[in-house]
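Report on one structure; see the data block that follows.
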Amino acid sequence: MMRDCENGEIRDLLPLYAAGTVSQADRATVEAHLSGCADCASELELLDAARRAYPAPAVELGAVARRVAMASQVRSSKPYYRQPLWRAAASITLFIVGAAGVVIARQAGEVGSGAGGQALVQPLDSVIRDSAGIGVVGPADVSTQRGVSLGPSLADLSDAQIEALLASLDGLDVTVRAEPDTFAVVIVPDGGVGTARGNR
Amino acid sequence: MTDDAGTNRAIDAELIQRWKAGDQRAATAIVERHGTALARFAASSGVREGVDELVQATFVRAFHSLDSFRADSTLRTWLFTILKRLVLDRRRAERRQAGATELEETHAVDEYGALDQMIADETAMRVRGAVQQLLPLQREVFLLRVTDGMAYSEIATVVGSTEGACRVHYHNAMRSIKEKLSDDA
Ligand SMILES: [Zn+2]
């Protein structure tokens, strides 16, 4: 059985010494004592073994930090929606919603200025309300621009499309509460869909 | 307070100020400073799956309520306290789901198989075996002291006890571990 040193003060400092959180003054004291005390030296070995016995599991701190930033409502010079994952989520949303918009537009005969090879530009704000579901908010200034109101279009998505949309969002584990940026969806008559940043 | 603790507190305080002023990099720096220790605390508290999510949830909760953080405790202590709450919530939910009371027991027992890969040496495995047999509170105090080098005042905050009681728990834990190891030998 390992014996206990009678110097309680040193024994109290040993774990901090092992962890490297001891002050410089205490470190010198501990080291001076350790050089002449076999009991404390073997207790320190035990402490080192205990530290090796509880390694930290591997965690991708960079990824955690990014997700925390996205999930937090950060008062930041670089808002969450300018960050890569958010952009990916927004693009996926816009792609699916935008594609549905084309269908609606054609059905409603509102393609208007989009005819003849010209692109139809739709402004829209999309909001991810929480990690479990999404809501799409209509254009911020519908009255000034021609286009398709995207508000109700989500209801027209097929089940498979909604599944895909939700899966993509769940996978990102995004929780966002702030106001979104403005995006414009450019729909080319041949069915291609692109996105462009709204001017601010 | 040790010199290092004072320095760490000053660094954290500055990072918090920068984060409040809108510097996103400060939040990242906070995650990088404390994430590993939180992950280890989660693992030693018996969390086996979803450590990333718990660590992430801890920071999210912390950043949402940073205004309520008072500088009389350290940021690390506060984060550990939040993580501990989340671990307990999760365990309670799991227990409710399982409808069983065995979780408290099973998280004290170890799955050596998975750990064999991580812990190379036999001595560490034997010490771990002894630590796992400690009473839960003793084990928690011991590990906060040994793996994180926490002051008793910090440990007291995390486990909800007093400094004096934590010192007693630590030394009882050490005695108990030595006894177990000599029984083994
Ligand atoms: Zn000694």
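Chain identifiers are assigned as A, B, and so on, following the order in which chains appear in the structure tokens; residues are numbered from 1 within each chain, and ligands are numbered from 1 in order of appearance.
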Neighbouring residues of ligand 1 are defined here as those with any atom at most 10 Å from a ligand atom, counting only C-alpha atoms and all ligand atoms; list them as number ranges by chain. A: 3-11, 14, 30, 33-44
Please identify which residues in chain B DSSP calls alpha helix (DSSP H) from the backbone, and express them as an MDAnalysis selection string. chainID B and resid 3:20 24:44 51:64 75:98 103:106 112:118 122:132 136:146 152:159 163:184
Quick check, in Å to one decimal: how far apart do atom CA of Val22 of chain A and atom CA of Asn8 of chain B lie? 12.3 Å
Could you please select, counting only C-alpha atoms, the residues of chain A within 10 Å of chain B and state them as a count of residues only? 58
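Between atom CA of Arg91 of chain B and atom CA of Gly160 of chain B lies a distance of 18.2 Å.
What separates atom CA of Ser65 of chain B from atom CA of Leu86 of chain B is a distance of 14.7 Å.
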